[in-house]
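Peer 1: Pasting data-v2.tsv below, which is TSV, C-alpha atoms.
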chain	number	residue	atom	x	y	z
A	752	MET	CA	108.50	-49.02	77.58
A	753	PHE	CA	109.12	-50.77	74.27
A	754	GLN	CA	107.71	-49.14	71.16
A	755	GLU	CA	108.61	-49.99	67.60
A	756	TYR	CA	107.41	-48.27	64.47
A	757	GLN	CA	107.10	-50.20	61.21
A	758	LEU	CA	106.05	-49.39	57.70
A	759	GLY	CA	103.66	-52.07	56.42
A	760	PHE	CA	102.05	-52.88	53.09
A	761	GLY	CA	98.80	-54.75	52.52
A	762	ASN	CA	99.62	-55.35	48.82
A	763	PRO	CA	103.43	-55.08	48.58
A	764	HIS	CA	103.45	-56.40	45.00
A	765	MET	CA	101.95	-53.08	43.89
A	766	LEU	CA	105.25	-51.38	44.72
A	767	TRP	CA	106.65	-52.79	41.47
A	768	LEU	CA	104.60	-50.10	39.74
A	769	LEU	CA	107.08	-47.55	41.07
A	770	LEU	CA	109.39	-48.75	38.29
A	771	LEU	CA	107.09	-46.87	35.92
A	772	LEU	CA	108.68	-43.69	37.28
A	773	ILE	CA	111.70	-44.32	35.04
A	774	PRO	CA	109.81	-44.11	31.71
A	775	MET	CA	107.66	-41.33	33.16
A	776	TRP	CA	110.79	-39.21	33.75
A	777	TRP	CA	112.30	-40.15	30.40
A	778	ILE	CA	109.15	-39.18	28.49
A	779	GLY	CA	108.60	-36.14	30.70
A	780	LEU	CA	112.07	-34.74	30.11
A	781	ARG	CA	111.43	-34.86	26.35
A	782	SER	CA	107.82	-33.62	26.29
A	783	LEU	CA	108.33	-30.78	28.76
A	784	ALA	CA	111.58	-29.47	27.24
A	785	GLY	CA	109.94	-26.20	26.17
A	786	LEU	CA	109.12	-25.18	29.77
A	787	GLY	CA	112.63	-24.32	30.88
A	788	THR	CA	114.74	-26.31	33.31
A	789	PHE	CA	113.22	-25.15	36.62
A	790	ARG	CA	109.58	-25.55	35.53
A	791	GLN	CA	110.35	-28.86	33.82
A	792	ILE	CA	111.92	-30.33	36.99
A	793	LEU	CA	109.12	-28.91	39.16
A	794	ALA	CA	106.45	-30.47	36.91
A	795	LEU	CA	108.22	-33.83	36.95
A	796	LEU	CA	108.61	-33.73	40.75
A	797	LEU	CA	104.91	-33.00	41.20
A	798	ARG	CA	103.96	-35.80	38.80
A	799	THR	CA	106.31	-38.15	40.66
A	800	LEU	CA	104.81	-37.20	44.01
A	801	VAL	CA	101.23	-37.77	42.81
A	802	PHE	CA	102.15	-41.05	41.10
A	803	ALA	CA	104.11	-42.33	44.14
A	804	LEU	CA	101.26	-41.46	46.51
A	805	LEU	CA	98.80	-43.26	44.23
A	806	ILE	CA	101.01	-46.38	44.19
A	807	LEU	CA	101.45	-46.25	47.98
A	808	ALA	CA	97.67	-46.08	48.35
A	809	LEU	CA	97.25	-49.09	46.05
A	810	ALA	CA	99.88	-50.94	48.10
A	811	GLU	CA	97.76	-50.22	51.21
A	812	THR	CA	100.62	-48.56	53.06
A	813	SER	CA	100.28	-48.33	56.83
A	814	TRP	CA	102.41	-46.98	59.64
A	815	ASN	CA	102.25	-49.46	62.52
A	816	ARG	CA	103.27	-48.94	66.12
A	817	ARG	CA	104.07	-52.03	68.16
A	818	THR	CA	104.18	-51.74	71.93
A	819	GLU	CA	104.26	-53.95	74.98
A	820	ARG	CA	101.33	-52.04	76.47
A	821	MET	CA	98.30	-54.27	76.98
A	822	THR	CA	94.59	-53.55	77.18
A	823	VAL	CA	92.34	-56.23	78.67
A	824	ILE	CA	88.58	-56.01	78.18
A	825	TYR	CA	86.40	-58.02	80.56
A	826	LEU	CA	82.95	-59.09	79.36
A	827	LEU	CA	80.51	-59.72	82.20
A	828	ASP	CA	77.23	-61.55	81.62
A	829	GLN	CA	74.62	-59.73	83.71
A	830	SER	CA	71.56	-61.55	82.36
A	831	ASP	CA	68.87	-62.94	84.65
A	832	SER	CA	70.15	-66.49	83.99
A	833	VAL	CA	73.25	-65.73	86.08
A	834	PRO	CA	72.57	-65.71	89.83
A	835	ARG	CA	73.21	-62.44	91.65
A	836	ALA	CA	75.95	-63.97	93.82
A	837	GLU	CA	77.87	-65.06	90.73
A	838	ARG	CA	77.55	-61.61	89.18
A	839	GLU	CA	79.03	-60.06	92.31
A	840	GLN	CA	81.79	-62.66	92.27
A	841	MET	CA	82.56	-61.67	88.64
A	842	LEU	CA	83.01	-58.05	89.73
A	843	ARG	CA	85.37	-59.06	92.55
A	844	TYR	CA	87.34	-61.26	90.15
A	845	VAL	CA	87.76	-58.39	87.67
A	846	TYR	CA	88.77	-55.96	90.39
A	847	ASN	CA	91.30	-58.40	91.91
A	848	SER	CA	92.64	-59.45	88.51
A	849	VAL	CA	93.31	-55.86	87.46
A	850	GLU	CA	94.91	-55.08	90.81
A	851	GLN	CA	97.14	-58.16	90.61
A	852	HIS	CA	98.14	-58.24	86.93
A	853	ARG	CA	98.10	-54.66	85.63
A	854	ASN	CA	101.61	-53.35	85.00
A	855	GLY	CA	101.64	-49.63	85.78
A	856	THR	CA	105.09	-49.02	84.28
A	857	ARG	CA	103.87	-50.33	80.91
A	858	GLU	CA	100.68	-48.26	81.27
A	859	ASP	CA	98.43	-51.31	80.85
A	860	LYS	CA	94.70	-50.61	80.69
A	861	ALA	CA	91.58	-52.53	81.61
A	862	ALA	CA	87.96	-52.09	80.55
A	863	VAL	CA	84.64	-53.69	81.47
A	864	ILE	CA	81.68	-54.35	79.19
A	865	VAL	CA	78.49	-55.72	80.72
A	866	PHE	CA	75.88	-57.45	78.63
A	867	GLY	CA	72.49	-59.08	78.73
A	868	SER	CA	70.19	-58.66	75.71
A	869	ASN	CA	72.18	-55.53	74.93
A	870	ALA	CA	75.61	-54.33	76.02
A	871	ARG	CA	76.96	-51.28	77.84
A	872	ILE	CA	80.47	-50.07	78.49
A	873	GLU	CA	80.76	-50.04	82.24
A	874	SER	CA	84.32	-48.76	82.26
A	875	PRO	CA	86.28	-47.68	79.16
A	876	PRO	CA	89.98	-48.62	78.93
A	877	TYR	CA	91.48	-47.08	82.03
A	878	PRO	CA	95.15	-47.07	83.12
A	879	GLY	CA	94.45	-47.22	86.87
A	880	GLN	CA	92.45	-49.47	89.15
A	881	LEU	CA	88.86	-49.94	88.01
A	882	PRO	CA	86.19	-48.32	90.17
A	883	LEU	CA	84.17	-51.57	90.40
A	884	ILE	CA	83.75	-52.65	93.97
A	885	ASP	CA	80.20	-53.76	94.63
A	886	ARG	CA	77.78	-52.93	91.82
A	887	ILE	CA	77.26	-52.31	88.11
A	888	GLU	CA	76.38	-48.67	87.39
A	889	SER	CA	74.81	-49.14	83.95
A	890	GLY	CA	72.13	-51.46	85.32
A	891	THR	CA	69.23	-49.16	84.43
A	892	ASP	CA	70.12	-49.14	80.72
A	893	LEU	CA	70.96	-52.83	80.59
A	894	LYS	CA	68.30	-55.32	79.46
A	895	THR	CA	68.82	-58.50	81.45
A	896	ASP	CA	66.02	-60.61	79.91
A	897	GLY	CA	68.43	-62.42	77.56
A	898	THR	CA	72.06	-63.10	76.72
A	899	SER	CA	73.66	-61.64	73.61
A	900	LEU	CA	77.41	-62.13	73.54
A	901	GLU	CA	77.35	-60.74	70.00
A	902	ALA	CA	76.12	-57.38	71.36
A	903	ALA	CA	79.05	-57.27	73.75
Please rewrite the model in this file as structure tokens.
Peer 2:
Amino acid sequence: MFQEYQLGFGNPHMLWLLLLLIPMWWIGLRSLAGLGTFRQILALLLRTLVFALLILALAETSWNRRTERMTVIYLLDQSDSVPRAEREQMLRYVYNSVEQHRNGTREDKAAVIVFGSNARIESPPYPGQLPLIDRIESGTDLKTDGTSLEAA
């Protein structure tokens, strides 16, 4: 399975501020001279760490993981405007699609969200075959008097 880790920056131009470490060290070496060598270096290292972390936060640093793994989320309209036969056909389509296209070696996942006026997660992202064969289980909590794709 392919996985790649990358360091990313939302505002990479902020990294130029790290150049301010040079005058910070130059001034620090002079102003902290009375502390002794060990304490002077320790103080400068701590200042550098805090300053660098602040700059990395301003640069919106992120650690990204890229993978070939795929998660597919199926949205099923279960409102009263959709005939019952079509709703059952949707379930069969989802079940067959997951069975046919899911790549188990990549650990692909599939999920199902049903919606009407509100939405419910029927099946969260799951790496195996979905347990949807003949009926929706969250039917009691689902309001079917309207269609709200936004809720899904």
Peer 1: State, in Å with one decimal place, the distance from CA of Asp859 in chain A to CA of Ala836 in chain A.
Peer 2: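 One can read the CA of Asp859 in chain A to CA of Ala836 in chain A distance as 28.9 Å.
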Peer 1: Report, in Å with one decimal, the straight-line distance from CA of Asn815 in chain A to CA of Glu755 in chain A.
Peer 2: 8.2 Å
Peer 1: Please, what distance in Å, to one decimal, runs between CA of Leu797 in chain A and CA of Gln757 in chain A?
Peer 2: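 Computing the Euclidean distance for CA of Leu797 in chain A and CA of Gln757 in chain A yields 26.5 Å.
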Peer 1: Counting only C-alpha atoms, which residue out of A:Thr799, A:Leu827, A:Ala870, A:Asn847 sits closest to Ile773 in chain A?
Peer 2: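 For Ile773 in chain A, the nearest of the candidates is A:Thr799.
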Peer 1: Need the shell around Tyr756 in chain A: protein/DNA/RNA residues with any atom at most 8 Å away, counting only C-alpha atoms. Skip same-chain ones fewer than 5 positions apart. Format as a list of chain:residue names?
Peer 2: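 Near neighbours after the sequence-gap exclusion: A:Trp814, A:Asn815, A:Arg816, A:Arg817.
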Peer 1: Mind dumping the selected residues with C-alpha atoms as a short mmCIF file (atom, residue, chain, number, x, y, z; two decimals), in the frame of the given file?
Peer 2:
data_model
loop_
_atom_site.label_atom_id
_atom_site.label_comp_id
_atom_site.auth_asym_id
_atom_site.auth_seq_id
_atom_site.Cartn_x
_atom_site.Cartn_y
_atom_site.Cartn_z
CA TRP A 814 102.41 -46.98 59.64
CA ASN A 815 102.25 -49.46 62.52
CA ARG A 816 103.27 -48.94 66.12
CA ARG A 817 104.07 -52.03 68.16
#
Peer 1: When you count all atoms listed in the file, which of these residues is closest to Ser868 in chain A: A:Leu881, A:Leu770, A:Leu893, A:Ala808?
Peer 2: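 Ranking A:Leu881, A:Leu770, A:Leu893, A:Ala808 by distance to Ser868 in chain A, first place goes to A:Leu893.
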Peer 1: Hey, what's within 10 Å of Trp776 in chain A if we count only C-alpha atoms and toss same-chain stuff fewer than 6 positions away? As a PyMOL selection string, please?
Peer 2: chain A and resi 782+792+795-796+798-799
Peer 1: Restricting the calculation to only C-alpha atoms: of A:Leu758, A:Leu842, A:Val849, A:Val823, which residue gets closest to Pro876 in chain A?
Peer 2: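 Of all the options, A:Val823 lies closest to Pro876 in chain A.
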Peer 1: Of the candidates A:Ala794, A:Glu837, A:Val845, A:Phe789, which one gets nearest to Met775 in chain A if we count all atoms listed in the file?
Peer 2: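 Going through A:Ala794, A:Glu837, A:Val845, A:Phe789 one by one, the smallest distance to Met775 in chain A is for A:Ala794.
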Peer 1: Have a look at A:Asn854, A:Pro774, A:Gly787, A:Gly897 and name the one nearest to Ser830 in chain A; count all atoms listed in the file.
Peer 2: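 Under the stated criterion, the closest residue is A:Gly897.
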